[in-house]
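K.L.:
Please read through the structure below; I'll follow up with questions.
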Amino acid sequence: MLLQAIENEQQTIKKYESQRQCIYDENIRANLSRIILDEELHISIYETLYRKYFC
């Protein structure tokens, strides 16, 4: 379950990065960058939980 969550977050980041490249509005780009940071934090949390309970 945690590994799937990590994979989902990684795919979401790729999607947001792709969208950010196509958008020229700096406010929207900044929001997408912030969302990407949140997704990266989620990955970090999931990886920590995985190491704690499964390694």
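Lettering and numbering for the structure tokens are positional, with chains as A, B, ... in the shown order, residues counted from 1 in each chain, and ligands counted from 1 in the shown order.
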Just the residues within 12 Å of Ile35 in chain A, please, counting only C-alpha atoms, with nothing from its chain fewer than 3 positions along; format it as a compact mmCIF listing (two decimals) with C-alpha atoms, in the first residue's frame.
P.N.:
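Contents of selection.txt, as written:
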# COMPACT_ATOMS: atom_id res chain seq x y z
CA GLU A 9 2.80 10.63 -5.78
CA THR A 12 1.35 13.11 -9.85
CA ILE A 13 4.58 15.09 -9.69
CA LYS A 14 5.33 14.23 -13.31
CA LYS A 15 1.85 15.40 -14.30
CA TYR A 16 2.21 18.71 -12.46
CA GLU A 17 5.69 19.29 -13.88
CA GLN A 19 1.49 21.10 -16.82
CA ARG A 20 3.84 23.72 -15.35
CA ILE A 28 -0.24 29.31 -11.66
CA ARG A 29 3.34 28.10 -12.14
CA ALA A 30 4.14 29.13 -8.56
CA ASN A 31 1.09 27.27 -7.28
CA LEU A 32 2.07 24.15 -9.19
CA ASP A 38 3.79 19.05 -1.05
CA GLU A 39 3.81 15.88 -3.14
CA GLU A 40 7.54 15.45 -2.50
CA LEU A 41 6.88 15.79 1.21
CA HIS A 42 4.22 13.09 0.95
K.L.:
Can you pull out every residue within 9 Å of Leu3 in chain A, counting only C-alpha atoms, but drop anything in the same chain fewer than 5 positions away, and send it as a PDB file with N, CA, C and O atoms, in the first residue's frame?
P.N.:
ATOM      1  N   ASN A   8       2.132   6.602  -6.864  1.00  0.00           N
ATOM      2  CA  ASN A   8       1.087   7.561  -7.243  1.00  0.00           C
ATOM      3  C   ASN A   8       1.575   9.001  -7.089  1.00  0.00           C
ATOM      4  O   ASN A   8       1.302   9.850  -7.950  1.00  0.00           O
ATOM      5  N   TYR A  46       5.863   8.819   3.286  1.00  0.00           N
ATOM      6  CA  TYR A  46       5.560   7.423   2.956  1.00  0.00           C
ATOM      7  C   TYR A  46       6.815   6.559   3.015  1.00  0.00           C
ATOM      8  O   TYR A  46       6.773   5.423   3.486  1.00  0.00           O
ATOM      9  N   GLU A  47       7.941   7.095   2.527  1.00  0.00           N
ATOM     10  CA  GLU A  47       9.188   6.333   2.580  1.00  0.00           C
ATOM     11  C   GLU A  47       9.626   6.090   4.028  1.00  0.00           C
ATOM     12  O   GLU A  47      10.095   4.994   4.363  1.00  0.00           O
ATOM     13  N   TYR A  50       7.432   3.432   5.409  1.00  0.00           N
ATOM     14  CA  TYR A  50       7.794   2.130   4.833  1.00  0.00           C
ATOM     15  C   TYR A  50       9.031   1.566   5.515  1.00  0.00           C
ATOM     16  O   TYR A  50       9.050   0.390   5.910  1.00  0.00           O
TER      17      TYR A  50
END
K.L.:
What does the distance between CA of Leu49 in chain A and CA of Ile36 in chain A come to in Å, to one decimal place?
P.N.:
20.0 Å
K.L.:
With distances taken over only C-alpha atoms, which residue among A:Leu37, A:Ser18, A:Asn27, A:Ser44 lies nearest Leu2 in chain A?
P.N.:
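Answer, going by the shortest atom-to-atom distance: A:Ser44.
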K.L.:
Taking only C-alpha atoms into account, which of A:Cys22, A:Phe54, A:Ile43, A:Thr48 comes nearest Gln4 in chain A?
P.N.:
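Among the listed residues, the smallest separation from Gln4 in chain A belongs to A:Ile43.
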